[in-house]
Structure formats: C-alpha cells, structure tokens
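Below is data-v6.csv, holding CSV, C-alpha atoms and all ligand atoms.
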```
chain,number,residue,atom,x,y,z
F,1,MET,CA,109.6,54.7,61.5
F,2,SER,CA,111.7,54.7,64.7
F,3,GLU,CA,110.8,57.4,67.3
F,4,LYS,CA,113.4,59.7,68.7
F,5,PRO,CA,113.9,58.9,72.4
F,6,VAL,CA,112.5,61.7,74.5
F,7,ASP,CA,114.7,63.4,77.1
F,8,THR,CA,111.9,64.2,79.5
F,9,HIS,CA,113.9,66.6,81.6
F,10,ASP,CA,114.8,68.6,78.5
F,11,LEU,CA,111.2,68.5,77.3
F,12,ARG,CA,109.9,69.7,80.7
F,13,ARG,CA,112.4,72.6,80.4
F,14,ALA,CA,111.1,73.4,76.9
F,15,PHE,CA,107.4,73.2,78.0
F,16,GLY,CA,108.4,75.6,80.9
F,17,SER,CA,109.1,78.4,78.4
F,18,PHE,CA,105.4,78.9,78.2
F,19,ALA,CA,104.5,81.5,80.9
F,20,THR,CA,101.4,80.7,82.9
F,21,GLY,CA,99.5,81.6,85.9
F,22,VAL,CA,99.4,79.4,89.0
F,23,THR,CA,96.3,77.7,90.3
F,24,ILE,CA,95.3,75.5,93.2
F,25,VAL,CA,92.8,72.9,92.1
F,26,THR,CA,90.6,71.7,95.0
F,27,THR,CA,87.8,69.1,95.6
F,28,LEU,CA,86.3,67.1,98.4
F,29,ASP,CA,87.0,63.4,99.1
F,30,LYS,CA,84.2,60.9,99.8
F,31,GLN,CA,84.4,61.7,103.5
F,32,GLY,CA,84.0,65.5,102.7
F,33,GLY,CA,87.6,66.3,103.5
F,34,PRO,CA,89.4,68.9,101.3
F,35,CYS,CA,92.0,67.8,98.7
F,36,GLY,CA,94.0,70.1,96.5
F,37,PHE,CA,97.2,70.6,94.5
F,38,THR,CA,99.1,73.3,92.7
F,39,ALA,CA,98.7,73.3,88.9
F,40,ASN,CA,99.7,75.5,86.0
F,41,SER,CA,98.2,73.2,83.3
F,42,PHE,CA,94.9,75.1,83.7
F,43,SER,CA,93.4,76.3,80.4
F,44,SER,CA,90.1,77.8,79.4
F,45,VAL,CA,88.5,75.5,76.7
F,46,SER,CA,85.0,76.7,75.6
F,47,LEU,CA,82.6,79.6,76.3
F,48,ASP,CA,79.4,77.8,75.3
F,49,PRO,CA,79.2,75.5,77.1
F,50,PRO,CA,81.7,77.1,79.6
F,51,LEU,CA,84.5,74.6,79.9
F,52,VAL,CA,88.0,74.6,81.5
F,53,LEU,CA,90.7,72.0,81.8
F,54,VAL,CA,93.5,71.0,84.1
F,55,SER,CA,95.7,68.0,83.8
F,56,VAL,CA,96.6,65.9,86.8
F,57,ALA,CA,99.7,63.6,87.0
F,58,LYS,CA,98.8,59.9,87.4
F,59,SER,CA,101.4,59.9,90.2
F,60,ALA,CA,99.4,62.5,92.2
F,61,TYR,CA,98.0,61.4,95.5
F,62,GLY,CA,94.8,63.3,94.7
F,63,LEU,CA,94.1,61.7,91.2
F,64,SER,CA,91.6,59.1,92.4
F,65,ILE,CA,89.9,61.7,94.6
F,66,PHE,CA,89.5,64.1,91.7
F,67,SER,CA,88.4,61.3,89.3
F,68,GLU,CA,85.7,60.2,91.6
F,69,SER,CA,84.5,63.6,92.8
F,70,LYS,CA,81.5,65.4,91.3
F,71,GLY,CA,83.4,68.5,90.7
F,72,PHE,CA,86.4,70.7,91.4
F,73,ALA,CA,87.4,74.3,91.8
F,74,ILE,CA,90.2,76.2,90.1
F,75,ASN,CA,91.6,78.9,92.3
F,76,ILE,CA,93.8,81.3,90.4
F,77,LEU,CA,96.5,82.6,92.8
F,78,ALA,CA,97.4,86.2,93.5
F,79,GLU,CA,101.0,87.5,93.4
F,80,GLN,CA,101.4,87.3,97.2
F,81,GLN,CA,100.3,83.6,97.4
F,82,ARG,CA,103.6,81.9,96.5
F,83,GLU,CA,103.8,80.2,99.9
F,84,LEU,CA,100.4,78.7,99.3
F,85,SER,CA,101.5,77.5,95.9
F,86,ASN,CA,104.5,75.8,97.5
F,87,ARG,CA,102.4,74.3,100.2
F,88,PHE,CA,99.9,72.7,97.7
F,89,ALA,CA,102.8,71.5,95.5
F,90,SER,CA,104.0,69.3,98.3
F,91,ARG,CA,102.7,65.9,99.3
F,92,GLY,CA,101.5,67.0,102.8
F,93,THR,CA,98.2,65.7,104.0
F,94,ASP,CA,97.5,68.9,106.0
F,95,LYS,CA,97.7,71.4,103.2
F,96,PHE,CA,94.5,73.2,104.2
F,97,SER,CA,95.4,73.9,107.8
F,98,GLY,CA,94.9,77.6,108.5
F,99,VAL,CA,93.8,78.3,104.9
F,100,ASN,CA,90.6,80.4,104.8
F,101,ARG,CA,88.1,79.1,102.4
F,102,LYS,CA,84.4,78.7,101.6
F,103,PRO,CA,82.6,75.9,99.8
F,104,GLY,CA,81.6,76.4,96.2
F,105,SER,CA,78.3,75.2,94.8
F,106,THR,CA,80.0,71.8,94.1
F,107,GLY,CA,81.4,71.8,97.6
F,108,ALA,CA,84.9,72.2,96.4
F,109,PRO,CA,86.9,74.7,98.5
F,110,ILE,CA,87.2,78.3,97.2
F,111,LEU,CA,90.3,79.8,98.7
F,112,ASP,CA,90.3,83.4,100.1
F,113,ASP,CA,92.2,86.2,98.4
F,114,VAL,CA,92.6,84.5,95.0
F,115,VAL,CA,92.3,86.6,91.8
F,116,ALA,CA,89.7,84.4,90.3
F,117,TRP,CA,88.0,81.1,90.9
F,118,PHE,CA,85.9,78.7,88.8
F,119,ASP,CA,83.7,76.2,90.5
F,120,CYS,CA,83.2,73.3,88.1
F,121,GLU,CA,81.1,70.2,87.6
F,122,ASN,CA,83.0,67.2,86.2
F,123,TYR,CA,82.3,67.2,82.5
F,124,GLN,CA,84.8,64.8,81.0
F,125,GLN,CA,88.0,63.0,81.8
F,126,VAL,CA,90.6,62.2,79.2
F,127,ASP,CA,93.4,59.7,79.7
F,128,ALA,CA,96.5,61.4,78.3
F,129,GLY,CA,99.9,59.7,78.7
F,130,ASP,CA,101.2,60.1,82.3
F,131,HIS,CA,98.3,62.6,83.0
F,132,VAL,CA,94.6,62.6,83.2
F,133,ILE,CA,92.9,65.7,81.7
F,134,LEU,CA,90.0,66.9,83.9
F,135,ILE,CA,87.5,68.9,81.9
F,136,GLY,CA,85.0,70.9,84.1
F,137,LYS,CA,81.9,72.7,83.3
F,138,VAL,CA,81.9,76.1,85.0
F,139,ALA,CA,78.9,76.3,87.4
F,140,ASP,CA,80.0,79.5,89.1
F,141,TYR,CA,83.0,81.9,89.0
F,142,SER,CA,84.3,85.2,90.3
F,143,TYR,CA,87.3,87.4,89.6
F,144,ASN,CA,88.9,90.7,90.7
F,145,SER,CA,91.6,93.0,89.5
F,146,ASP,CA,94.4,91.9,91.8
F,147,ALA,CA,97.8,91.0,90.3
F,148,PRO,CA,98.0,87.3,89.5
F,149,LEU,CA,101.0,85.1,90.3
F,150,GLY,CA,103.0,83.9,87.2
F,151,PHE,CA,105.2,81.0,86.5
F,152,CYS,CA,107.8,80.5,83.8
F,153,ARG,CA,111.0,78.4,83.4
F,154,GLY,CA,110.5,76.8,86.8
F,155,ALA,CA,110.3,80.1,88.7
F,156,TYR,CA,107.5,82.4,89.9
F,157,VAL,CA,107.3,85.6,88.0
F,158,SER,CA,105.4,88.8,88.6
F,159,PHE,CA,103.0,90.2,86.1
F,160,GLY,CA,102.7,93.3,88.2
F,161,LEU,CA,105.3,96.0,88.6
F,162,PRO,CA,108.8,95.0,87.6
F,163,PRO,CA,111.3,95.2,90.4
F,164,LYS,CA,112.7,98.6,89.4
F,165,MET,CA,109.3,100.1,89.6
F,166,LEU,CA,108.4,98.1,92.8
F,167,ASP,CA,111.5,99.6,94.5
F,168,LEU,CA,110.2,103.0,93.6
F,169,VAL,CA,106.8,102.5,95.2
F,170,THR,CA,107.8,100.5,98.3
F,171,SER,CA,110.7,102.7,99.4
F,172,CYS,CA,108.5,105.6,100.4
F,173,GLY,CA,105.5,106.1,102.6
F,174,HIS,CA,103.8,108.8,100.5
F,175,LEU,CA,102.3,107.2,97.5
F,176,GLN,CA,99.7,108.7,95.1
F,177,VAL,CA,98.0,106.5,92.6
F,178,GLY,CA,96.4,108.0,89.5
F,179,ALA,CA,94.4,106.6,86.6
F,180,LEU,CA,94.0,107.5,83.0
F,181,ILE,CA,90.6,106.1,82.2
F,182,GLU,CA,89.3,106.2,78.7
F,183,ASN,CA,85.9,105.8,77.2
F,184,GLU,CA,85.1,106.3,73.5
F,185,ASP,CA,88.2,108.5,72.8
F,186,LYS,CA,87.6,110.6,75.9
F,187,ILE,CA,89.5,110.7,79.1
F,188,LEU,CA,88.2,111.0,82.7
F,189,LEU,CA,89.3,114.1,84.6
F,190,GLN,CA,88.6,115.1,88.2
F,191,ILE,CA,87.4,118.6,88.9
F,192,GLY,CA,88.8,120.1,92.1
F,193,PRO,CA,87.0,122.5,94.4
F,194,GLY,CA,88.5,125.6,92.7
F,195,GLY,CA,87.6,124.3,89.3
F,196,ASP,CA,91.1,123.0,88.6
F,197,LEU,CA,91.3,119.8,86.5
F,198,LYS,CA,93.5,116.8,87.3
F,199,ILE,CA,93.9,113.1,86.6
F,200,PRO,CA,91.8,111.2,89.2
F,201,MET,CA,94.1,110.3,92.1
F,202,ALA,CA,94.1,108.7,95.6
F,203,PRO,CA,96.7,107.3,98.1
F,204,THR,CA,95.9,103.7,97.0
F,205,VAL,CA,94.2,101.8,94.3
F,206,GLY,CA,92.2,100.0,97.0
F,207,ASP,CA,88.8,98.5,96.1
F,208,ARG,CA,85.3,99.8,95.5
F,209,SER,CA,84.3,99.6,99.2
F,210,GLN,CA,87.2,101.9,100.3
F,211,PRO,CA,86.0,105.5,100.0
F,212,ASP,CA,89.5,107.0,100.2
F,213,SER,CA,91.0,104.8,97.5
F,214,LEU,CA,91.1,105.4,93.8
F,215,LEU,CA,88.5,102.7,93.0
F,216,GLY,CA,86.4,103.9,95.9
F,217,LEU,CA,86.4,107.5,94.7
F,218,LEU,CA,85.3,106.3,91.2
F,219,ASP,CA,82.7,104.0,92.6
F,220,ALA,CA,81.2,106.8,94.6
F,221,ALA,CA,80.6,108.5,91.3
F,222,GLY,CA,79.1,105.4,89.9
F,223,ILE,CA,82.1,104.6,87.7
F,224,HIS,CA,83.3,101.1,87.4
F,225,VAL,CA,86.7,100.7,85.7
F,226,GLU,CA,89.4,98.2,84.8
F,227,LEU,CA,93.0,99.4,85.3
F,228,PRO,CA,95.3,96.6,83.9
F,229,PHE,CA,98.2,98.7,82.6
F,230,LEU,CA,100.9,100.7,84.2
F,231,PHE,CA,101.4,104.1,82.6
F,232,ALA,CA,103.9,106.0,84.7
F,233,ALA,CA,105.9,105.6,87.9
F,234,TYR,CA,108.0,108.5,89.2
F,235,ASN,CA,109.4,110.4,92.2
F,236,GLY,CA,107.9,113.8,92.8
F,237,LEU,CA,109.2,116.3,95.3
F,238,ASP,CA,107.2,115.0,98.2
F,239,ASN,CA,105.3,112.0,96.9
F,240,ARG,CA,105.9,109.0,94.6
F,241,TYR,CA,103.4,108.6,91.8
F,242,ILE,CA,102.1,105.5,90.1
F,243,TYR,CA,99.6,106.0,87.2
F,244,TYR,CA,97.6,103.2,85.7
F,245,ARG,CA,95.7,103.1,82.5
F,246,GLY,CA,92.4,101.5,81.8
F,247,GLU,CA,88.9,101.6,80.4
F,248,LEU,CA,85.5,102.4,81.7
F,249,LEU,CA,83.5,99.3,82.2
F,250,SER,CA,80.2,100.8,83.2
F,251,ILE,CA,78.6,103.8,84.7
F,252,ARG,CA,76.1,102.8,87.4
F,253,ASP,CA,74.0,106.0,87.7
F,254,VAL,CA,74.2,109.4,86.3
F,255,ILE,CA,77.8,110.5,86.5
F,256,LEU,CA,78.6,113.2,89.1
F,257,THR,CA,79.6,115.9,86.6
F,258,GLU,CA,80.7,118.3,89.4
F,259,GLN,CA,83.5,115.9,90.3
F,260,LEU,CA,84.4,113.7,87.3
F,261,HIS,CA,83.8,114.2,83.6
F,262,PHE,CA,85.0,112.6,80.4
F,263,TYR,CA,86.7,115.0,78.0
F,264,ASP,CA,87.6,114.8,74.3
F,265,TYR,CA,91.1,116.0,73.6
F,266,ASP,CA,89.8,119.1,71.9
F,267,GLU,CA,87.4,119.9,74.8
F,268,ILE,CA,90.0,119.9,77.5
F,269,PRO,CA,90.4,123.4,79.1
F,270,TRP,CA,94.2,123.2,79.4
F,271,GLY,CA,94.3,126.4,81.5
F,272,ALA,CA,92.5,124.6,84.3
F,273,ILE,CA,95.2,121.9,84.5
F,274,HIS,CA,97.7,123.3,87.0
F,275,SER,CA,100.0,120.3,87.2
F,276,GLU,CA,102.6,120.2,84.5
F,277,ALA,CA,103.0,116.4,85.1
F,278,ASP,CA,99.2,115.9,84.5
F,279,GLU,CA,99.3,117.9,81.3
F,280,THR,CA,102.3,116.0,80.0
F,281,MET,CA,100.7,112.7,80.8
F,282,ILE,CA,97.3,113.5,79.3
F,283,LYS,CA,99.1,114.7,76.1
F,284,ARG,CA,101.2,111.5,76.0
F,285,PHE,CA,98.1,109.4,76.6
F,286,PHE,CA,96.3,110.8,73.5
F,287,ARG,CA,99.5,110.6,71.4
F,288,GLU,CA,100.1,107.0,72.3
F,289,ARG,CA,96.4,106.1,72.0
F,290,GLU,CA,96.4,107.4,68.4
F,291,VAL,CA,99.1,104.9,67.4
F,292,ASP,CA,97.9,102.3,69.9
F,293,ASN,CA,101.4,101.9,71.3
F,294,PHE,CA,101.6,102.6,75.0
F,295,GLY,CA,104.7,102.8,77.1
F,296,VAL,CA,105.6,103.3,80.8
F,297,TYR,CA,107.3,106.4,82.0
F,298,ILE,CA,109.9,105.8,84.8
F,299,GLY,CA,111.9,108.6,86.3
F,300,ASP,CA,111.3,111.6,88.4
F,301,TYR,CA,109.2,114.7,87.9
F,302,GLN,CA,111.8,116.4,85.8
F,303,ALA,CA,113.3,113.6,83.7
F,304,GLY,CA,112.7,110.0,82.8
F,305,ASP,CA,112.3,107.5,80.1
F,306,ILE,CA,109.4,105.8,78.4
F,307,HIS,CA,109.8,102.1,78.5
F,308,PRO,CA,107.9,99.4,76.6
F,309,LEU,CA,105.1,97.8,78.6
F,310,PRO,CA,106.7,95.4,81.2
F,311,GLN,CA,107.2,91.9,79.8
F,312,VAL,CA,107.6,88.8,81.9
F,313,SER,CA,111.3,87.8,82.1
F,401,LIG,C1,103.9,75.9,89.6
F,401,LIG,C2,103.5,74.4,89.7
F,401,LIG,C3,102.7,73.9,88.7
F,401,LIG,C4,102.3,72.5,88.8
F,401,LIG,N1,101.4,72.1,87.9
F,401,LIG,C5,100.9,70.8,87.9
F,401,LIG,C6,99.9,70.3,87.0
F,401,LIG,O1,99.4,71.1,86.2
F,401,LIG,N2,99.5,69.1,87.2
F,401,LIG,C7,100.0,68.2,88.2
F,401,LIG,O2,99.6,67.1,88.2
F,401,LIG,N3,101.0,68.7,89.0
F,401,LIG,C8,101.4,69.9,88.9
F,401,LIG,N4,102.3,70.4,89.8
F,401,LIG,C9,102.9,69.5,90.8
F,401,LIG,C10,101.9,69.2,92.0
F,401,LIG,O3,101.4,70.4,92.6
F,401,LIG,C11,102.5,68.3,93.0
F,401,LIG,O4,103.0,67.1,92.4
F,401,LIG,C12,101.6,68.0,94.2
F,401,LIG,O5,102.4,67.3,95.1
F,401,LIG,C13,100.5,67.1,93.8
F,401,LIG,O6,99.7,66.9,95.0
F,401,LIG,P1,99.2,65.5,95.5
F,401,LIG,O7,100.3,64.5,95.2
F,401,LIG,O8,99.1,65.7,97.0
F,401,LIG,O9,97.9,65.2,94.9
F,401,LIG,C14,102.8,71.7,89.8
F,401,LIG,C15,103.6,72.3,90.7
F,401,LIG,C16,104.0,73.6,90.7
F,401,LIG,C17,105.0,74.2,91.7
```

Represent the structure from my file as structure tokens, please.
Amino acid sequence: MSEKPVDTHDLRRAFGSFATGVTIVTTLDKQGGPCGFTANSFSSVSLDPPLVLVSVAKSAYGLSIFSESKGFAINILAEQQRELSNRFASRGTDKFSGVNRKPGSTGAPILDDVVAWFDCENYQQVDAGDHVILIGKVADYSYNSDAPLGFCRGAYVSFGLPPKMLDLVTSCGHLQVGALIENEDKILLQIGPGGDLKIPMAPTVGDRSQPDSLLGLLDAAGIHVELPFLFAAYNGLDNRYIYYRGELLSIRDVILTEQLHFYDYDEIPWGAIHSEADETMIKRFFREREVDNFGVYIGDYQAGDIHPLPQVS
C-alpha cells in the first residue's frame, strides 16, 4: 500500500490546533553547566509510578546533553514569562544569563516564578521519528495558582482574563477582588464589624503570606482555597471588581467564626447583606451551582451580561 506523502508544514499546523501550556526543560551537562529549551510537548503519563514525558527534536543542540544526563526538570511557565519562552526557543548558548534559579534534587535548574515544576530522574528514552521521547520519573515537584502561559496555533495565548476583562482591571487603580468559595453546598461569607455579611474581598488576590490580600485574609483564618474560575468583572462607582470562584481545599485550624463562616443557602441572613451586588452574586452562584453551569458577569454595577466561561481562542 503506497503511503500518502506528508506535507510536514501542514501537519505541524494541524498539530498546533492542540492548545498546550509552555515549559522550559532543563538539565546539567557533564561539566555542570545548565542546558535548557522551550517545549510544549510535555505530557503527564502515569501517577504510579509518577511519570511525565517531553519530546526533544533530534536536531536540538541539547539532545545529547539530555540523553546523557541523570535527570531533567520541567518548568511550567507563567503567563508573564513569554520572553523567557522565546529566549529558550533560540539556539543561544547563554540562555541562563540573569535567570534566577535553584538546583532541584537531580541538579537540574528550577526556574523562579514558574507556575509548577517537576524534577525528574531519567526513566526511559524512546526513539520516535525525528524526536526522542524523554520519560522522567518525578522525584520532586511544586505548583502554585498563578496563571499559566498557553500556546495554540503558533501563538501564545492567555488562560487568564480575556483581553476585554483585562482592560477592565488594568485601566483603574482601585481594584477589589472577591471570592465565592464553596464547600459541601455552602458558601463562605465574611462577617463585618457591624455584623453585616459580604463576599470575602481584598485589594488583590496576592498569596498566603500577604496579610492584606485575599489569600492572606483567608490564610489568617486557616482557610486554604483554590480560585481557578472567574465569576464576575465589573465597574462599580468608585472601584472595579473582580470575583473568582473556587473551592475550599483545607481548613488548617478551627475556623474563625467571628470573621468567616460557611452558609447553606437556606441559612443566609439576607437582611445582613447590605450590598445589592453581593446578594445578586450569591443568588446567581447558587442558581448556577444547581445546574453546574457557571458563567462570567461582565458589565457595570447596574447592567451587564453573563458570558460563558472564557475559552482559549
Ligand atoms: C512554544 C514552543 C514549543 C516548543 N516545543 C518543543 C518541543 O516540544 N520539543 C522540541 O524539541 N523543541 C520545541 N521547541 C523548539 C525549541 O525550543 C528550539 O528548537 C530550541 O532552539 C531548542 O534548543 P537547543 O537547540 O538549544 O537545544 C518549541 C518552541 C516553542 C516556541
């Protein structure tokens, strides 16, 4: 049977329809010097044992270094690391100059500010056409909730806020970030000094070590959450508001009931919620939760539309 000749440019374009993240794969050469390249062929393979893969072009300068190394690290890039991605996709010899990093347990460089990394021991190498598949056994890893960089059809894409919503948040200094956090059909509300109830809110999402951020406020109450979804973005009279939606991951100690409390829909004392926007959002949250079909509200405090969850385009 005769094979149809492959138009490799066209096939590359077709493969590129698959949206991926972007990684920088790193290792050390025999002299202990760092080596790395940008790759989007990363994939998780197995949980037990914990395996990942990445495929390296046989034409890559780093191939022999990777094949002979005892391990490698996969660094999953954050949204703001496009420049780093471009740098490691080039043939330069000095790719690591000025790049902050620390060695993983295999010695492979773990880059600062990535959204996740996996430090891997070489497990298996598979010869595959014009690439070699490196399969690594995960020896150590870490991750955070920052927005990852995406790649699709030859271009970087954002998995974070779509441009329309980004305009909304970057064009004004006064931002308030709220979170609709659920746990077992209940929602977390913050109790103010006068007993009024509101959706937990702070000027930034921040991280758990920042006391004045949303995650810091929750962490102070022993609450660890994940906030992967956008729920609303709108202009208020003085502030602009972004609301995320997510789930409780764990409660460290006893929850500080004076400040934060999970409520069933039927338990909510609606009279204590003084913000009309909060009341509308809580009601929408429970409505959409019931049918498991969430949208994103975009507009201002008086009128807006509910959009489907942002898709990569
Ligand atoms: C988004 C993106 C993804 C890439 N993915 C891969 C990949 O999975 N495997 C690969 O071998 N090269 C990939 N490349 C190309 C390499 O990064 C590029 O060829 C680099 O120069 C290889 O480095 P080296 O030749 O210094 O080893 C990718 C490039 C970009 C921009």

**Q.** Ref. answer, residues at most 12 Å from (88.7, 89.0, 91.4) with only C-alpha atoms, as a list in words
**A.** Asn75, Ile76, Leu77, Ala78, Leu111, Asp112, Asp113, Val114, Val115, Ala116, Trp117, Phe118, Tyr141, Ser142, Tyr143, Asn144, Ser145, Asp146, Ala147, Pro148, Asp207 and Glu226 of chain F

Q: Could the residues that lie within 9 Å of ligand LIG 401 (chain F), counting only C-alpha atoms and all ligand atoms, be listed as an NGL selection string?
A: :F and (20-25 or 35-42 or 54-63 or 65 or 85-93 or 95 or 131-132 or 150-152 or 154-156)

Q | Proximity to Ala179 in chain F - best of F:Phe286, F:Tyr263, F:Phe229, F:Phe15, only C-alpha atoms | A |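 Selected residue with least distance to Ala179 in chain F: F:Phe229.
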
(Q) Could you list, as a list in words, every residue within 9 Å of Cys120 in chain F, counting all atoms listed in the file and ignoring same-chain residues fewer than 2 positions away? (A) Leu51, Val52, Lys70, Gly71, Phe72, Ala73, Ile74, Gly104, Ser105, Thr106, Ala108, Phe118, Asn122, Tyr123, Ile135, Gly136, Lys137, Val138, Ala139, Asp140 and Tyr141 of chain F

Q: Choose the residue, out of F:Gly236, F:Gly216, F:Pro228, F:Gly178, that has the smallest atom-to-atom separation from Ile199 in chain F; count all atoms listed in the file.
A: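 Smallest separation from Ile199 in chain F among the options: F:Gly178.
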